[in-house]
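Below: one structure, written as structure tokens.
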Amino acid sequence: MGADEDPEVRPLIRKGYTLVDPKNRPTDRTPSFGAFLYLRDVALLTRRLLWIYTERNGLSAP
């Protein structure tokens, strides 16, 4: 995706690394709403990255 050169993608990739860091992921002691918020953040980030990818490669959204 050109994350190294792209100022729009770089912060999103950084956010993704933050989300998958084990110390930031939900555990078995995380309340269900906390797990929901985590999954929502992952889904929003994934959707944003997919949108950027499809726009830059001339693809149609699934």
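By convention here, the chains of the structure tokens are called A, B, ... in the order presented, each chain's residues are numbered starting at 1, and ligands are numbered starting at 1 in the order presented.
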* Can you list every residue in chain A that DSSP puts in alpha helix (DSSP H), as a ChimeraX atom specification? -> /A:10-20,32-56
* To do: Mind giving me the straight-line distance from CA of Asp28 in chain A to CA of Arg14 in chain A in Å, one decimal?
  =>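 Distance between the two atoms: 25.2 Å.
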* To do: Can you work out which one of A:Leu12, A:Arg29, A:Thr54, A:Lys23 has the shortest atom-to-atom distance to Val42 in chain A, counting only C-alpha atoms?
  =>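 Distance minimum relative to Val42 in chain A lands on A:Leu12.
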* Report the distance between CA of Phe36 in chain A and CA of Ile13 in chain A in Å, rounded to one decimal place. =>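 Going from CA of Phe36 in chain A over to CA of Ile13 in chain A, I get 20.8 Å.
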* Grab the CA of Gly16 in chain A to CA of Tyr38 in chain A distance for me, in Å with one decimal place. =>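 We find that CA of Gly16 in chain A and CA of Tyr38 in chain A lie 11.4 Å from each other.
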* **Neighbour list for range 5-11 of chain A as a list in words, cut-off 12 Å, only C-alpha atoms, skip fewer than 2 positions in-chain** =>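 Using only C-alpha atoms, the neighbours found are Met1, Gly2, Ala3, Ile13, Arg14, Lys15, Gly16, Tyr17, Thr18, Leu45, Thr46, Arg48, Leu49, Leu50, Trp51, Ile52, Tyr53 and Arg56 of chain A.
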Quick one: write out the picked residues with all heavy atoms as a compact mmCIF listing (two decimals), in the first residue's frame?
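As written to disk, out14.txt reads:
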# COMPACT_ATOMS: atom_id res chain seq x y z
N MET A 1 0.82 -1.21 0.00
CA MET A 1 0.00 0.00 0.00
C MET A 1 0.85 1.26 0.00
O MET A 1 0.32 2.34 -0.05
CB MET A 1 -0.92 0.00 1.21
CG MET A 1 -2.05 -0.98 1.09
SD MET A 1 -3.19 -1.01 2.50
CE MET A 1 -3.64 0.67 2.67
N GLY A 2 2.13 1.14 0.09
CA GLY A 2 2.98 2.32 0.11
C GLY A 2 2.95 3.04 1.45
O GLY A 2 3.01 4.27 1.51
N ALA A 3 2.85 2.30 2.51
CA ALA A 3 2.74 2.91 3.84
C ALA A 3 3.95 3.75 4.19
O ALA A 3 3.82 4.73 4.92
CB ALA A 3 2.54 1.83 4.89
N ILE A 13 -1.55 2.41 9.93
CA ILE A 13 -0.73 1.23 10.19
C ILE A 13 -0.21 1.26 11.63
O ILE A 13 -0.23 0.24 12.32
CB ILE A 13 0.45 1.17 9.19
CG1 ILE A 13 -0.06 1.04 7.76
CG2 ILE A 13 1.41 0.05 9.53
CD1 ILE A 13 -0.82 -0.23 7.47
N ARG A 14 0.20 2.42 12.07
CA ARG A 14 0.67 2.56 13.46
C ARG A 14 -0.45 2.19 14.44
O ARG A 14 -0.23 1.50 15.44
CB ARG A 14 1.14 3.99 13.69
CG ARG A 14 2.20 4.11 14.72
CD ARG A 14 2.81 5.51 14.81
NE ARG A 14 3.27 6.01 13.52
CZ ARG A 14 2.83 7.15 12.94
NH1 ARG A 14 1.95 7.90 13.55
NH2 ARG A 14 3.29 7.52 11.77
N LYS A 15 -1.68 2.65 14.15
CA LYS A 15 -2.83 2.31 15.00
C LYS A 15 -3.08 0.81 14.99
O LYS A 15 -3.39 0.21 16.02
CB LYS A 15 -4.06 3.07 14.51
CG LYS A 15 -5.34 2.73 15.20
CD LYS A 15 -5.35 3.20 16.62
CE LYS A 15 -6.74 2.97 17.21
NZ LYS A 15 -6.77 3.20 18.63
N GLY A 16 -2.92 0.19 13.82
CA GLY A 16 -3.10 -1.27 13.72
C GLY A 16 -2.09 -2.02 14.58
O GLY A 16 -2.45 -2.97 15.27
N TYR A 17 -0.83 -1.59 14.54
CA TYR A 17 0.18 -2.23 15.39
C TYR A 17 -0.15 -2.04 16.87
O TYR A 17 0.05 -2.95 17.68
CB TYR A 17 1.57 -1.67 15.10
CG TYR A 17 2.20 -2.24 13.86
CD1 TYR A 17 2.68 -1.42 12.85
CD2 TYR A 17 2.34 -3.62 13.70
CE1 TYR A 17 3.26 -1.94 11.71
CE2 TYR A 17 2.92 -4.16 12.56
CZ TYR A 17 3.38 -3.32 11.58
OH TYR A 17 3.94 -3.84 10.45
N THR A 18 -0.69 -0.89 17.22
CA THR A 18 -1.08 -0.65 18.61
C THR A 18 -2.21 -1.59 19.02
O THR A 18 -2.21 -2.14 20.12
CB THR A 18 -1.53 0.81 18.80
OG1 THR A 18 -0.46 1.68 18.43
CG2 THR A 18 -1.94 1.09 20.22
N LEU A 45 -10.83 0.32 11.55
CA LEU A 45 -9.50 0.47 10.95
C LEU A 45 -9.37 -0.39 9.70
O LEU A 45 -8.88 0.06 8.67
CB LEU A 45 -8.42 0.09 11.97
CG LEU A 45 -6.99 0.16 11.46
CD1 LEU A 45 -6.62 1.58 11.08
CD2 LEU A 45 -6.04 -0.37 12.50
N THR A 46 -9.85 -1.62 9.76
CA THR A 46 -9.79 -2.52 8.61
C THR A 46 -10.60 -1.96 7.45
O THR A 46 -10.16 -1.97 6.30
CB THR A 46 -10.31 -3.91 8.99
OG1 THR A 46 -9.53 -4.40 10.09
CG2 THR A 46 -10.23 -4.88 7.84
N ARG A 48 -11.33 1.16 6.86
CA ARG A 48 -10.64 2.35 6.33
C ARG A 48 -9.47 1.94 5.41
O ARG A 48 -9.30 2.50 4.32
CB ARG A 48 -10.14 3.21 7.48
CG ARG A 48 -9.37 4.41 7.07
CD ARG A 48 -10.28 5.48 6.49
NE ARG A 48 -9.48 6.65 6.18
CZ ARG A 48 -9.62 7.36 5.08
NH1 ARG A 48 -10.54 7.06 4.21
NH2 ARG A 48 -8.85 8.38 4.85
N LEU A 49 -8.67 0.98 5.86
CA LEU A 49 -7.55 0.52 5.04
C LEU A 49 -8.04 -0.13 3.74
O LEU A 49 -7.44 0.06 2.68
CB LEU A 49 -6.67 -0.44 5.83
CG LEU A 49 -5.82 0.20 6.92
CD1 LEU A 49 -5.20 -0.86 7.81
CD2 LEU A 49 -4.76 1.10 6.33
N LEU A 50 -9.11 -0.91 3.82
CA LEU A 50 -9.67 -1.53 2.62
C LEU A 50 -10.19 -0.48 1.65
O LEU A 50 -9.99 -0.58 0.44
CB LEU A 50 -10.80 -2.50 3.00
CG LEU A 50 -11.49 -3.22 1.85
CD1 LEU A 50 -10.49 -4.06 1.07
CD2 LEU A 50 -12.62 -4.08 2.37
N TRP A 51 -10.82 0.56 2.17
CA TRP A 51 -11.32 1.63 1.32
C TRP A 51 -10.17 2.31 0.59
O TRP A 51 -10.25 2.55 -0.61
CB TRP A 51 -12.10 2.64 2.16
CG TRP A 51 -12.67 3.75 1.33
CD1 TRP A 51 -13.83 3.72 0.63
CD2 TRP A 51 -12.09 5.03 1.09
NE1 TRP A 51 -14.01 4.92 -0.03
CE2 TRP A 51 -12.95 5.73 0.24
CE3 TRP A 51 -10.92 5.64 1.53
CZ2 TRP A 51 -12.69 7.03 -0.19
CZ3 TRP A 51 -10.66 6.93 1.10
CH2 TRP A 51 -11.53 7.61 0.26
N ILE A 52 -9.10 2.63 1.30
CA ILE A 52 -7.94 3.26 0.68
C ILE A 52 -7.36 2.34 -0.40
O ILE A 52 -7.04 2.78 -1.50
CB ILE A 52 -6.87 3.61 1.74
CG1 ILE A 52 -7.38 4.72 2.64
CG2 ILE A 52 -5.55 4.01 1.09
CD1 ILE A 52 -6.51 4.98 3.86
N TYR A 53 -7.24 1.06 -0.09
CA TYR A 53 -6.68 0.11 -1.06
C TYR A 53 -7.53 0.03 -2.31
O TYR A 53 -7.02 0.06 -3.43
CB TYR A 53 -6.56 -1.26 -0.40
CG TYR A 53 -5.98 -2.30 -1.32
CD1 TYR A 53 -4.61 -2.37 -1.53
CD2 TYR A 53 -6.79 -3.21 -1.98
CE1 TYR A 53 -4.06 -3.32 -2.38
CE2 TYR A 53 -6.26 -4.16 -2.83
CZ TYR A 53 -4.89 -4.21 -3.03
OH TYR A 53 -4.36 -5.13 -3.88
N ARG A 56 -7.26 3.30 -4.48
CA ARG A 56 -5.97 3.49 -5.14
C ARG A 56 -5.69 2.47 -6.22
O ARG A 56 -4.86 2.70 -7.09
CB ARG A 56 -4.87 3.46 -4.11
CG ARG A 56 -4.99 4.65 -3.20
CD ARG A 56 -3.81 4.87 -2.39
NE ARG A 56 -4.07 6.05 -1.57
CZ ARG A 56 -3.39 6.35 -0.52
NH1 ARG A 56 -2.39 5.59 -0.15
NH2 ARG A 56 -3.68 7.43 0.17
